[in-house]
Each structure stands twice: as C-alpha cells, then as structure tokens.
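Student: This one is upload-v3.csv, CSV, C-alpha atoms.
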chain,number,residue,atom,x,y,z
R,25,MET,CA,0.0,0.0,0.0
R,26,THR,CA,1.2,3.5,-0.7
R,27,GLU,CA,-0.2,6.6,0.9
R,28,SER,CA,0.2,10.4,0.6
R,29,ASP,CA,-2.1,13.4,1.3
R,30,GLY,CA,-5.5,11.8,1.2
R,31,VAL,CA,-4.5,9.2,-1.4
R,32,SER,CA,-4.1,5.5,-0.8
R,33,VAL,CA,-3.3,2.8,-3.4
R,34,ILE,CA,-3.2,-1.0,-3.3
R,35,ASP,CA,-2.5,-3.6,-6.0
R,36,VAL,CA,-3.8,-7.0,-5.1
R,37,ALA,CA,-4.6,-10.4,-6.6
R,38,ALA,CA,-8.2,-10.8,-8.0
R,39,VAL,CA,-9.1,-13.4,-5.4
R,40,PRO,CA,-11.9,-13.3,-2.7
R,41,GLU,CA,-9.4,-13.0,0.1
R,42,SER,CA,-8.4,-9.6,-1.2
R,43,ILE,CA,-11.8,-8.2,0.0
R,44,ASP,CA,-10.3,-8.1,3.5
R,45,LEU,CA,-7.3,-6.2,2.2
R,46,VAL,CA,-9.5,-3.7,0.5
R,47,GLN,CA,-11.5,-3.1,3.7
R,48,ASN,CA,-8.4,-2.9,5.8
R,49,THR,CA,-7.0,-0.3,3.4
R,50,PHE,CA,-10.2,1.6,3.4
R,51,GLU,CA,-10.3,1.7,7.3
R,52,ALA,CA,-6.8,3.0,7.5
R,53,TRP,CA,-7.4,5.6,4.8
R,54,TRP,CA,-10.7,6.7,6.5
R,55,SER,CA,-9.1,7.0,9.9
R,56,ALA,CA,-6.4,9.2,8.5
R,57,LEU,CA,-9.1,11.5,6.9
R,58,GLY,CA,-10.7,12.2,10.3
R,59,ILE,CA,-14.3,12.4,9.0
R,60,ASP,CA,-16.7,11.5,11.7
R,61,SER,CA,-19.8,10.9,9.7
R,62,MET,CA,-20.9,7.3,9.4
R,63,GLU,CA,-23.6,8.5,7.0
R,64,VAL,CA,-20.8,9.2,4.5
R,65,ARG,CA,-18.6,6.3,5.4
R,66,PHE,CA,-21.0,3.3,5.3
R,67,PRO,CA,-22.5,4.0,1.9
R,68,PHE,CA,-19.0,4.6,0.4
R,69,GLU,CA,-17.4,1.5,2.1
R,70,THR,CA,-20.4,-0.6,1.0
R,71,ALA,CA,-20.1,0.4,-2.6
R,72,ILE,CA,-16.3,-0.2,-2.6
R,73,VAL,CA,-16.7,-3.7,-1.2
R,74,GLU,CA,-19.5,-4.5,-3.8
R,75,ILE,CA,-17.4,-3.3,-6.7
R,76,ALA,CA,-14.3,-5.2,-5.4
R,77,ALA,CA,-16.4,-8.4,-5.2
R,78,ASN,CA,-17.8,-7.7,-8.7
R,79,VAL,CA,-14.3,-7.3,-10.1
R,80,ILE,CA,-13.1,-10.5,-8.5
R,81,GLU,CA,-16.2,-12.5,-9.4
R,82,HIS,CA,-15.9,-11.3,-13.0
R,83,SER,CA,-12.2,-12.2,-13.2
R,84,ILE,CA,-13.0,-15.8,-12.0
R,85,ARG,CA,-16.1,-16.2,-14.2
R,86,ALA,CA,-14.7,-14.8,-17.4
R,87,ASP,CA,-11.5,-16.9,-17.1
R,88,GLY,CA,-13.3,-20.1,-16.2
R,89,LEU,CA,-13.3,-22.1,-13.0
R,90,GLU,CA,-9.5,-22.3,-12.7
R,91,GLY,CA,-9.0,-18.6,-13.3
R,92,VAL,CA,-5.9,-17.1,-14.8
R,93,ASP,CA,-2.8,-16.5,-12.7
R,94,GLY,CA,-1.8,-12.8,-12.8
R,95,ARG,CA,-5.3,-11.4,-12.7
R,96,ARG,CA,-5.0,-8.4,-10.4
R,97,PHE,CA,-6.7,-5.2,-9.6
R,98,GLN,CA,-5.6,-1.8,-8.3
R,99,LEU,CA,-7.6,0.4,-6.0
R,100,GLU,CA,-6.9,4.1,-5.5
R,101,LEU,CA,-8.7,6.0,-2.8
R,102,ARG,CA,-8.6,9.8,-3.0
R,103,ALA,CA,-10.1,12.5,-0.8
R,104,GLU,CA,-10.7,16.0,-2.2
R,105,ASP,CA,-12.4,19.0,-0.6
R,106,GLU,CA,-15.9,18.1,-1.7
R,107,ARG,CA,-15.8,14.5,-2.8
R,108,LEU,CA,-14.3,11.1,-2.2
R,109,THR,CA,-13.3,8.9,-5.1
R,110,ALA,CA,-12.4,5.3,-5.5
R,111,VAL,CA,-11.0,4.0,-8.8
R,112,PHE,CA,-10.6,0.3,-9.5
R,113,ASN,CA,-8.7,-0.9,-12.5
R,114,ASP,CA,-8.0,-4.5,-13.4
R,115,ASN,CA,-6.5,-6.5,-16.2
R,116,GLY,CA,-9.4,-8.9,-16.5
R,117,LEU,CA,-11.5,-9.5,-19.7
R,118,PRO,CA,-13.9,-6.7,-20.6
R,119,ALA,CA,-17.0,-6.7,-18.4
R,120,GLU,CA,-20.3,-6.7,-20.3
R,121,ILE,CA,-22.2,-4.4,-18.0
R,122,ASP,CA,-25.0,-1.8,-18.7
R,123,LEU,CA,-25.3,0.2,-15.5
R,124,SER,CA,-28.5,1.8,-16.7
R,125,ASN,CA,-30.1,-1.6,-16.7
R,126,VAL,CA,-29.4,-2.5,-13.1
R,127,SER,CA,-32.2,-3.1,-10.7
R,128,MET,CA,-32.6,-4.4,-7.1
R,129,ALA,CA,-33.2,-8.2,-6.8
R,130,ASP,CA,-36.5,-9.5,-5.6
R,131,LEU,CA,-36.8,-10.1,-1.9
R,132,GLU,CA,-36.6,-13.9,-2.2
R,133,ASP,CA,-33.5,-13.8,-4.4
R,134,GLU,CA,-30.2,-14.9,-3.0
R,135,ASP,CA,-28.0,-12.8,-5.3
R,136,GLY,CA,-28.2,-9.9,-7.7
R,137,ARG,CA,-28.0,-7.0,-5.2
R,138,GLY,CA,-24.4,-5.9,-5.4
R,139,LEU,CA,-24.4,-3.4,-8.2
R,140,ALA,CA,-27.8,-2.1,-7.3
R,141,LEU,CA,-26.6,-1.5,-3.7
R,142,ALA,CA,-23.5,0.3,-5.0
R,143,LEU,CA,-25.5,2.5,-7.3
R,144,LEU,CA,-27.9,3.5,-4.4
R,145,SER,CA,-24.9,4.2,-2.2
R,146,LEU,CA,-23.0,6.6,-4.5
R,147,GLU,CA,-23.2,10.0,-6.1
R,148,SER,CA,-22.0,8.4,-9.3
R,149,LEU,CA,-20.7,5.0,-10.6
R,150,ASP,CA,-19.0,4.7,-14.0
R,151,TYR,CA,-17.5,1.7,-15.9
R,152,THR,CA,-15.2,1.9,-18.9
R,153,HIS,CA,-12.8,-0.4,-20.7
R,154,GLU,CA,-9.7,1.4,-21.7
R,155,GLY,CA,-6.2,0.3,-22.8
R,156,GLY,CA,-7.1,-3.4,-22.0
R,157,ARG,CA,-8.2,-2.5,-18.5
R,158,ASN,CA,-11.6,-2.4,-16.8
R,159,ILE,CA,-12.0,0.9,-14.9
R,160,TRP,CA,-14.6,1.5,-12.3
R,161,THR,CA,-15.0,5.0,-10.8
R,162,LEU,CA,-17.0,5.5,-7.6
R,163,VAL,CA,-17.7,9.0,-6.3
R,164,CYS,CA,-19.5,10.2,-3.2
R,165,ARG,CA,-19.9,13.7,-1.6
R,166,ARG,CA,-18.0,14.1,1.7
N,19,MET,CA,-12.1,-11.8,9.5
N,20,MET,CA,-15.2,-13.3,11.1
N,21,THR,CA,-16.0,-15.7,13.9
N,22,VAL,CA,-19.4,-17.2,14.6
N,23,GLY,CA,-20.7,-17.7,18.1
N,24,VAL,CA,-23.4,-20.3,18.8
N,25,GLU,CA,-25.5,-20.5,21.9
N,26,THR,CA,-28.4,-22.8,22.6
N,27,VAL,CA,-31.2,-21.1,24.5
N,28,GLU,CA,-34.7,-22.2,25.6
N,29,GLY,CA,-36.8,-22.1,22.4
N,30,GLY,CA,-34.0,-21.7,19.8
N,31,VAL,CA,-30.4,-21.1,19.0
N,32,VAL,CA,-28.5,-17.8,18.8
N,33,ILE,CA,-25.9,-17.5,16.1
N,34,SER,CA,-23.6,-14.5,16.4
N,35,PRO,CA,-21.4,-13.5,13.4
N,36,GLN,CA,-18.6,-11.3,14.8
N,37,GLY,CA,-16.8,-9.1,12.4
N,38,ARG,CA,-17.4,-8.7,8.7
N,39,LEU,CA,-20.0,-10.9,6.9
N,40,THR,CA,-18.8,-10.7,3.3
N,41,VAL,CA,-18.2,-13.1,0.4
N,42,VAL,CA,-15.2,-14.4,2.3
N,43,SER,CA,-17.1,-15.4,5.4
N,44,THR,CA,-20.7,-16.2,4.3
N,45,PRO,CA,-19.9,-20.0,3.9
N,46,GLN,CA,-19.3,-20.1,7.7
N,47,LEU,CA,-22.7,-18.7,8.5
N,48,ARG,CA,-24.5,-20.9,6.0
N,49,THR,CA,-22.8,-24.0,7.4
N,50,GLU,CA,-23.6,-23.1,11.0
N,51,VAL,CA,-27.3,-22.4,10.2
N,52,SER,CA,-27.8,-25.6,8.2
N,53,THR,CA,-26.0,-27.7,10.8
N,54,ARG,CA,-28.4,-26.3,13.5
N,55,ILE,CA,-31.5,-26.9,11.3
N,56,GLU,CA,-30.3,-30.5,10.6
N,57,ALA,CA,-29.8,-30.9,14.4
N,58,GLY,CA,-33.5,-30.1,14.9
N,59,ASP,CA,-33.4,-26.4,15.9
N,60,ARG,CA,-36.4,-24.5,14.4
N,61,LEU,CA,-36.0,-21.0,15.7
N,62,ILE,CA,-32.7,-19.5,14.4
N,63,ILE,CA,-31.8,-16.2,15.9
N,64,VAL,CA,-29.0,-14.3,14.2
N,65,ASP,CA,-27.6,-11.8,16.6
N,66,LEU,CA,-26.0,-9.0,14.5
N,67,SER,CA,-24.9,-6.8,17.4
N,68,GLN,CA,-21.2,-7.6,16.8
N,69,THR,CA,-21.5,-7.8,13.0
N,70,THR,CA,-19.6,-4.7,11.8
N,71,PHE,CA,-20.3,-5.0,8.1
N,72,VAL,CA,-22.5,-7.0,5.7
N,73,ASP,CA,-22.3,-7.0,1.9
N,74,SER,CA,-24.7,-8.3,-0.7
N,75,SER,CA,-23.4,-11.8,-0.4
N,76,GLY,CA,-24.0,-11.7,3.4
N,77,LEU,CA,-27.5,-10.5,2.7
N,78,GLY,CA,-28.0,-13.4,0.2
N,79,ALA,CA,-26.8,-15.8,2.9
N,80,LEU,CA,-29.4,-14.4,5.3
N,81,VAL,CA,-32.1,-14.8,2.7
N,82,SER,CA,-31.0,-18.4,2.0
N,83,CYS,CA,-30.9,-19.3,5.7
N,84,LEU,CA,-34.4,-17.8,6.2
N,85,LYS,CA,-35.7,-19.9,3.4
N,86,SER,CA,-34.0,-23.1,4.8
N,87,ALA,CA,-35.4,-22.4,8.3
N,88,ARG,CA,-39.0,-21.9,7.0
N,89,GLN,CA,-38.8,-24.9,4.7
N,90,ALA,CA,-38.0,-26.9,7.9
N,91,GLY,CA,-41.1,-25.5,9.6
N,92,GLY,CA,-39.2,-22.9,11.6
N,93,ASP,CA,-38.1,-19.3,11.3
N,94,LEU,CA,-35.0,-17.1,11.3
N,95,ARG,CA,-35.0,-13.7,13.1
N,96,LEU,CA,-32.4,-11.0,13.1
N,97,VAL,CA,-31.5,-9.1,16.3
N,98,ALA,CA,-29.8,-5.8,17.0
N,99,PRO,CA,-28.2,-4.9,13.6
N,100,THR,CA,-25.4,-2.3,13.7
N,101,GLU,CA,-25.6,0.9,11.7
N,102,GLN,CA,-24.2,-0.3,8.4
N,103,VAL,CA,-26.2,-3.5,8.6
N,104,SER,CA,-29.4,-1.6,9.2
N,105,MET,CA,-28.6,0.6,6.2
N,106,VAL,CA,-28.1,-2.2,3.7
N,107,LEU,CA,-31.2,-4.0,5.0
N,108,LYS,CA,-33.3,-0.9,4.3
N,109,LEU,CA,-31.6,-0.1,0.9
N,110,THR,CA,-32.4,-3.6,-0.4
N,111,ASN,CA,-35.9,-3.6,1.2
N,112,LEU,CA,-34.9,-6.8,3.0
N,113,ASP,CA,-36.0,-5.3,6.3
N,114,ARG,CA,-39.5,-6.3,5.1
N,115,ILE,CA,-38.8,-10.1,5.3
N,116,LEU,CA,-36.0,-9.9,7.8
N,117,GLN,CA,-37.5,-7.4,10.2
N,118,PRO,CA,-34.9,-6.9,13.0
N,119,ARG,CA,-35.8,-7.3,16.7
N,120,ALA,CA,-34.2,-5.3,19.4
N,121,SER,CA,-33.1,-8.2,21.6
N,122,VAL,CA,-32.8,-12.0,21.7
N,123,GLU,CA,-35.5,-12.0,24.3
N,124,GLU,CA,-37.9,-10.2,21.9
N,125,ALA,CA,-37.0,-12.5,19.0
N,126,LEU,CA,-37.7,-15.6,21.2
N,127,HIS,CA,-41.1,-14.4,22.3
N,128,ASP,CA,-42.4,-12.6,19.2
Now, as a test, write the supplied structure out as structure tokens.

Tutor:
Amino acid sequence: MTESDGVSVIDVAAVPESIDLVQNTFEAWWSALGIDSMEVRFPFETAIVEIAANVIEHSIRADGLEGVDGRRFQLELRAEDERLTAVFNDNGLPAEIDLSNVSMADLEDEDGRGLALALLSLESLDYTHEGGRNIWTLVCRR
Amino acid sequence: MMTVGVETVEGGVVISPQGRLTVVSTPQLRTEVSTRIEAGDRLIIVDLSQTTFVDSSGLGALVSCLKSARQAGGDLRLVAPTEQVSMVLKLTNLDRILQPRASVEEALHD
C-alpha cells in the first residue's frame, strides 16, 4: 500500500481473500481523513466492497473455474475537498455491464443485489474499458 | 475476518457472526445455520450486534438461511443490527422479510 495526502493505493490479486485487504486499506485511509460521519462512510465503504467483489467474481467467471494467474486489480482511494473517489482498474477480460439496466433483486432472491446496492450508495458510478483494462470510478460527496 | 458464536437457548439457537460478513465469510454462516437446522433447531436467531459490516453476499446468505429455516417448519429472526447492517437491509428492502428485533429475548417471544 502507498499513501500520501488523502490518497491510498493498493494492488492485489483478484481473489476473494483480497476483499479483506480492500477493507483494511479503506479503514486506514478513512481513519487518516478524520471524517466522523458514518452517513458518509458506510455507503462509500459498502459500494467499494461491492465493486471489489464484482471485479473478483468477473475475473474468475470470465476466465473459467480455474482462473488465470496474474489477474490483479488496483484500487486508488482519493479525498478531495468536496468529494471522495475510489478507482478500481483491473486486467481482466472486458465486463459486459450496462449500469442503466441494473435493478434491485426481488426479496426472495439470494444474489443480484451488489451493483444495485453500489448505485444506491454513491453519487456516481461509472464503468469503462480502456487500454485493455476495466476501470470503475466511484464518487460520493463528503 | 469473522468468527461465529453459537449458543443454545430455551426455544431456539442464537448464532452471532462477529466481524465482517462478506463473500469471504458467508460460507461459515451458511454451514452453521444448516447444521443447526439438521440438528433439529427450528428458531434460528442471528444476533448481529457484533457484525460490523454486511455486503450483498452476506444479505444473500441471510435470505438463504431464512428460506431453509422456513422450509424446515421454523423461522429465522435478526437481532440488533449495527448501523451499516441496518442501512443495507433498508436499501435492499430486506427489512420487510428480515425485520430486526431489538433483543434476543424479543426474538424468542415474538
């Protein structure tokens, strides 16, 4: 992990166990910011965990059950005066995602809530595929 | 990291996930609940007072456990969710089918 004024960056393997590393990094970054509001923290943290899980799941699914060694993702957390930004980028296969078409799962469903939860928790969520990398940008007001 | 506490009480069993309930740790919860249902417990109380964070896979596990408990003729009730957990239950509307109780006592006698 690297860290400088309000910025924290990690680069980790695209495996489920990395979710804990993402949350540990978020907690350290958040503590350093000194923002008290849980009403800001919880939605942003929830969205970050959901997108991390989505990146990892997509890497595993797109590559087949065995996965491909070397699939990794980078997360940059950045605090500015009026907003907080998290940018994921990974070297997995392009994700076929239409964020305008995401809706919350039905009550009895056991999955299908992740992206909808992230969208509800953020000011904005964008996905692009550039230069062979998937890029997710998450923004919330601070 | 998460640990799961299990305590048998009169009328049911209290399962207490402690820490983060995410994609990494949901198998532990699912296993514990299905073990208790197979052992004959019918009222499963999930005490969330020490669950610091739940993601969508954790929510999916709670829905799955609720369905398993009801299929066995029982029920699953949530108790004392922390702030982040209450938030995601509301955002996903799951508080309609997993309406939290304030205490284990209340969940036992509801």

Student: Measure the distance from atom CA of R:Leu149 to atom CA of N:Leu109 in Å and round it to one decimal.

Tutor: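 Value for the atom CA of R:Leu149-atom CA of N:Leu109 distance: 16.6 Å.
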
Student: Rounded to one decimal in Å, what is the spacing between atom CA of R:Val111 and atom CA of R:Glu63?

Tutor: 20.7 Å

Student: Which protein, DNA or RNA residues have an atom at most 12 Å from (-0.8, 11.4, 3.8), counting all atoms listed in the file? List them as a list of chain:residue names.

Tutor: R:Thr26, R:Glu27, R:Ser28, R:Asp29, R:Gly30, R:Val31, R:Ser32, R:Val33, R:Ala52, R:Trp53, R:Trp54, R:Ser55, R:Ala56, R:Leu57, R:Gly58, R:Leu101, R:Arg102, R:Ala103

Student: Define the interface residues of chain N facing chain R as those within 8 Å, counting all atoms listed in the file, and report them as a PDB file with C-alpha atoms, keeping the file's coordinate frame.

Tutor:
ATOM      1  CA  MET N  19     -12.100 -11.800   9.500  1.00  0.00           C
ATOM      2  CA  VAL N  41     -18.200 -13.100   0.400  1.00  0.00           C
ATOM      3  CA  VAL N  42     -15.200 -14.400   2.300  1.00  0.00           C
ATOM      4  CA  ASP N  73     -22.300  -7.000   1.900  1.00  0.00           C
ATOM      5  CA  SER N  74     -24.700  -8.300  -0.700  1.00  0.00           C
ATOM      6  CA  SER N  75     -23.400 -11.800  -0.400  1.00  0.00           C
ATOM      7  CA  LEU N  77     -27.500 -10.500   2.700  1.00  0.00           C
ATOM      8  CA  GLY N  78     -28.000 -13.400   0.200  1.00  0.00           C
ATOM      9  CA  ALA N  79     -26.800 -15.800   2.900  1.00  0.00           C
ATOM     10  CA  VAL N  81     -32.100 -14.800   2.700  1.00  0.00           C
ATOM     11  CA  SER N  82     -31.000 -18.400   2.000  1.00  0.00           C
ATOM     12  CA  GLN N 102     -24.200  -0.300   8.400  1.00  0.00           C
ATOM     13  CA  VAL N 106     -28.100  -2.200   3.700  1.00  0.00           C
ATOM     14  CA  LEU N 109     -31.600  -0.100   0.900  1.00  0.00           C
ATOM     15  CA  THR N 110     -32.400  -3.600  -0.400  1.00  0.00           C
ATOM     16  CA  ASN N 111     -35.900  -3.600   1.200  1.00  0.00           C
ATOM     17  CA  LEU N 112     -34.900  -6.800   3.000  1.00  0.00           C
ATOM     18  CA  ILE N 115     -38.800 -10.100   5.300  1.00  0.00           C
TER      19      ILE N 115
END

Student: Neighbouring residues of N:Cys83 were defined as those with any atom within 10 Å, considering only C-alpha atoms; residues of the same chain fewer than 2 positions away were excluded. Please report them as JSON, numbers by chain.

Tutor: {"R": [134], "N": [47, 48, 49, 50, 51, 52, 55, 62, 77, 78, 79, 80, 81, 85, 86, 87, 88, 89, 93, 94]}
